[in-house]
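Some notes on the structure that comes next.
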Amino acid sequence: MGPEAQRNRLWAGRIERLGDRLGDSRGLVVEGKLTRMVGLTLEAVGCRAAIGGQCDVINAAGERIEAEVVGFSGESLYLMPTGDIRGLEPDARVVPAGRISEARVGNELLGRVIDGSGRPLDGKAMPHLARRWPLDGGYINPLSRAPIREPLDVGIRAINALLSVGRGQRLGLFAGSGVGKSVLLGMMTRFTDADVVVVGLIGERGREVKEFIDNILGEQGLQRAVVVAVPADQPPLRRMHGAMLATAIAEYFRDQGKQVLLLMDSLTRFAQAQREIGLAINEPPATKGYPPSVFAKLPQLVERAGNGDRGGGSITAFYTVLAEGDDQNDPIADAARAILDGHIVLSRRLAESGHYPAIDIEASVSRAMNEIADRRQIVAAREFKQLYSLYQQNRDLISVGAYEAGSNDQIDLAIGAMPSLRKFLHQDMHTRFGIGDSLDDLLSLFPQDLSAEEVG
């Protein structure tokens with residue numbers, strides 16, 4: 001070997017060793033080591049990877065634990081595991097996997113129950129999914145979205161008549177614990193006029209997953225649905241991936257021209273998962289312990305739903321928001337109201353009185369109703385709410401007998417109409433009311449003819 005060849009070989013060896021330490025543009029795999037673990041945050045040195053990139057951490061048994069890069073500082077990478085971390089030890093090998101998190105999608109997902117990684121939970125074989133989809137979705141030009149003009153039949157009379165939902169609308173379902181939001185979600189899953197239903201059960205109790213699928217969703221509802229279940233005992237990154245995976249699956253079907261219903265239970269658990277990640281990497285808390293990244297992640301997730309291009313499919317989304325302590329001014333509830341196209345509030349007082357679904361008509365609003373409902377429905381819904389609200393404002397006086405009949409004509413009218421209004425708002429979980437029936441029942445409460453000025 002001549003001197004020039006020897007020099008070239010020496011330089012090649014030096015470049016390779018330098019690449020082993022720092023990584024280079026040729027894509028060499030550079031291993032690092034685990035130096036510290038605080039909570040669920042892993043700190044690694046000696047390797048390079050981009051934010052969102054995946055790494056494999058080798059535990060004491062030689063098993064690979066998937067982790068994702070969530071931050072860095074100097075030469076250190078901050079990783080968050082997506083699975084079980086048992087068996088990790090100091091100086092464990094960290095190998096950049098050279099991949100990013102993505103979703104596998106396809107029509108074969110219909111009728112299946114999967115976890116946040118896309119693996120089956122229903123005991124069936126892994127579906128063959130050839131299509132790959134970015135887990136964080138893609139940007140949609142707001143000017144290319146089709147406007148919300150077509151009503152969506154959700155099968156709930158109170159919603160169809162008084163809080164009309166349009167295809168492509170995004171609404172929040174605000175409720176405390178134990179007021180019937182899961183039952184209401186199950187009713188909409190079975191009754192809604194949609195081609196595909198995608199259900200994301202994010203951060204809830206594991207027991208509720210089985211109950212929702214068997215008792216609330218049912219075998220018939222599951223046939224056209226995809227369920228992504230990530231219970232509360234899963235790592236925070238897996239919970240976030242579950243919400244993003246459910247949205248990615250909905251995006252896939254929307255791009256196939258399908259009318260998709262996306263039900264996410266709950267948006268609050270998604271925010272709490274991001275809070276855990278943010279605090280673990282020393283992001284400063286802002287409001288009630290929520291770091292700023294939480295309020296950036298919420299619109300990024302929600303804005304992926306909605307209508308696609310004109311003439312294409314749509315994603316109509318319902319996100320449950322857990323009002324902790326029934327506080328409607330909770331920071332997540334407040335942020336969700338600002339980015340959603342309306343909100344439906346469930347009342348604990350109504351639930352405790354046996355009123356189901358426990359929809360608080362006074363506190364609920366659909367911002368798209370004026371665009372999709374005709375004038376007769378809007379006028380009748382406004383009169384319904386006025387009478388209902390007037391009775392609620394004077395309920396204490398009426399209940400203790402302090403109000404004298406004849407003192408106020410409008411209150412007398414509200415008292416007389418209240419039994420019919422309550423009956424209208426009640427609905428059994430196994431009974432469906434379509435849009436036509438809902439509107440007929442609403443107009444029957446006000447049989448007087450509306451004047452030309454009211455309907456014109």
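In the structure tokens, chains take the letters A, B, ... in the order shown, each chain's residues start at 1, and ligands count up from 1 in the order shown.
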Among segment 346-415 of chain A, which residues does DSSP mark as alpha helix (DSSP H) when it is run on the backbone? Keep the chain and numbering as in the structure and answer as a ChimeraX atom specification. /A:348-352,369-372,375-393,395-399,409-415
Give me, as a list of chain:residue names, all polymer residues having an atom no more than 12 Å from Gln220 of chain A, counting only C-alpha atoms and skipping those fewer than 6 positions away in the same chain. A:Leu110, A:Gly111, A:Gly186, A:Thr189, A:Arg190, A:Phe191, A:Val197, A:Ile213, A:Asp214
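Coordinates place atom CA of Arg310 of chain A at a distance of 24.0 Å from atom CA of Ile435 of chain A.
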Selected residue, from A:Val30, A:Ile114, A:Leu237, A:Val365, that lies nearest to Ser101 of chain A when counting only C-alpha atoms: A:Leu237
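All residues within segment 203-250 of chain A that the backbone DSSP calculation assigns to strand (DSSP E or B) are Ala225, Val226, Val227, Val228, Ala229 and Val230 of chain A.
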Residues at most 12 Å from Asp136 of chain A, counting only C-alpha atoms, excluding those fewer than 6 positions away in the same chain, as a list in words? Gly52, Ile100, Ser101, Glu102, Ala103, Met240, His241, Gly242, Ala243, Met244, Leu245, Ala246, Thr247, Ala248, Ile249, Glu251, Lys297, Gln300, Leu301, Val302, Glu303 and Arg304 of chain A
Selected residue, from A:Ile281, A:Leu346, A:Val94, A:Val105, that lies nearest to Ser73 of chain A when counting only C-alpha atoms: A:Ile281
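The space between atom CA of His426 of chain A and atom CA of Asn329 of chain A spans 27.1 Å.
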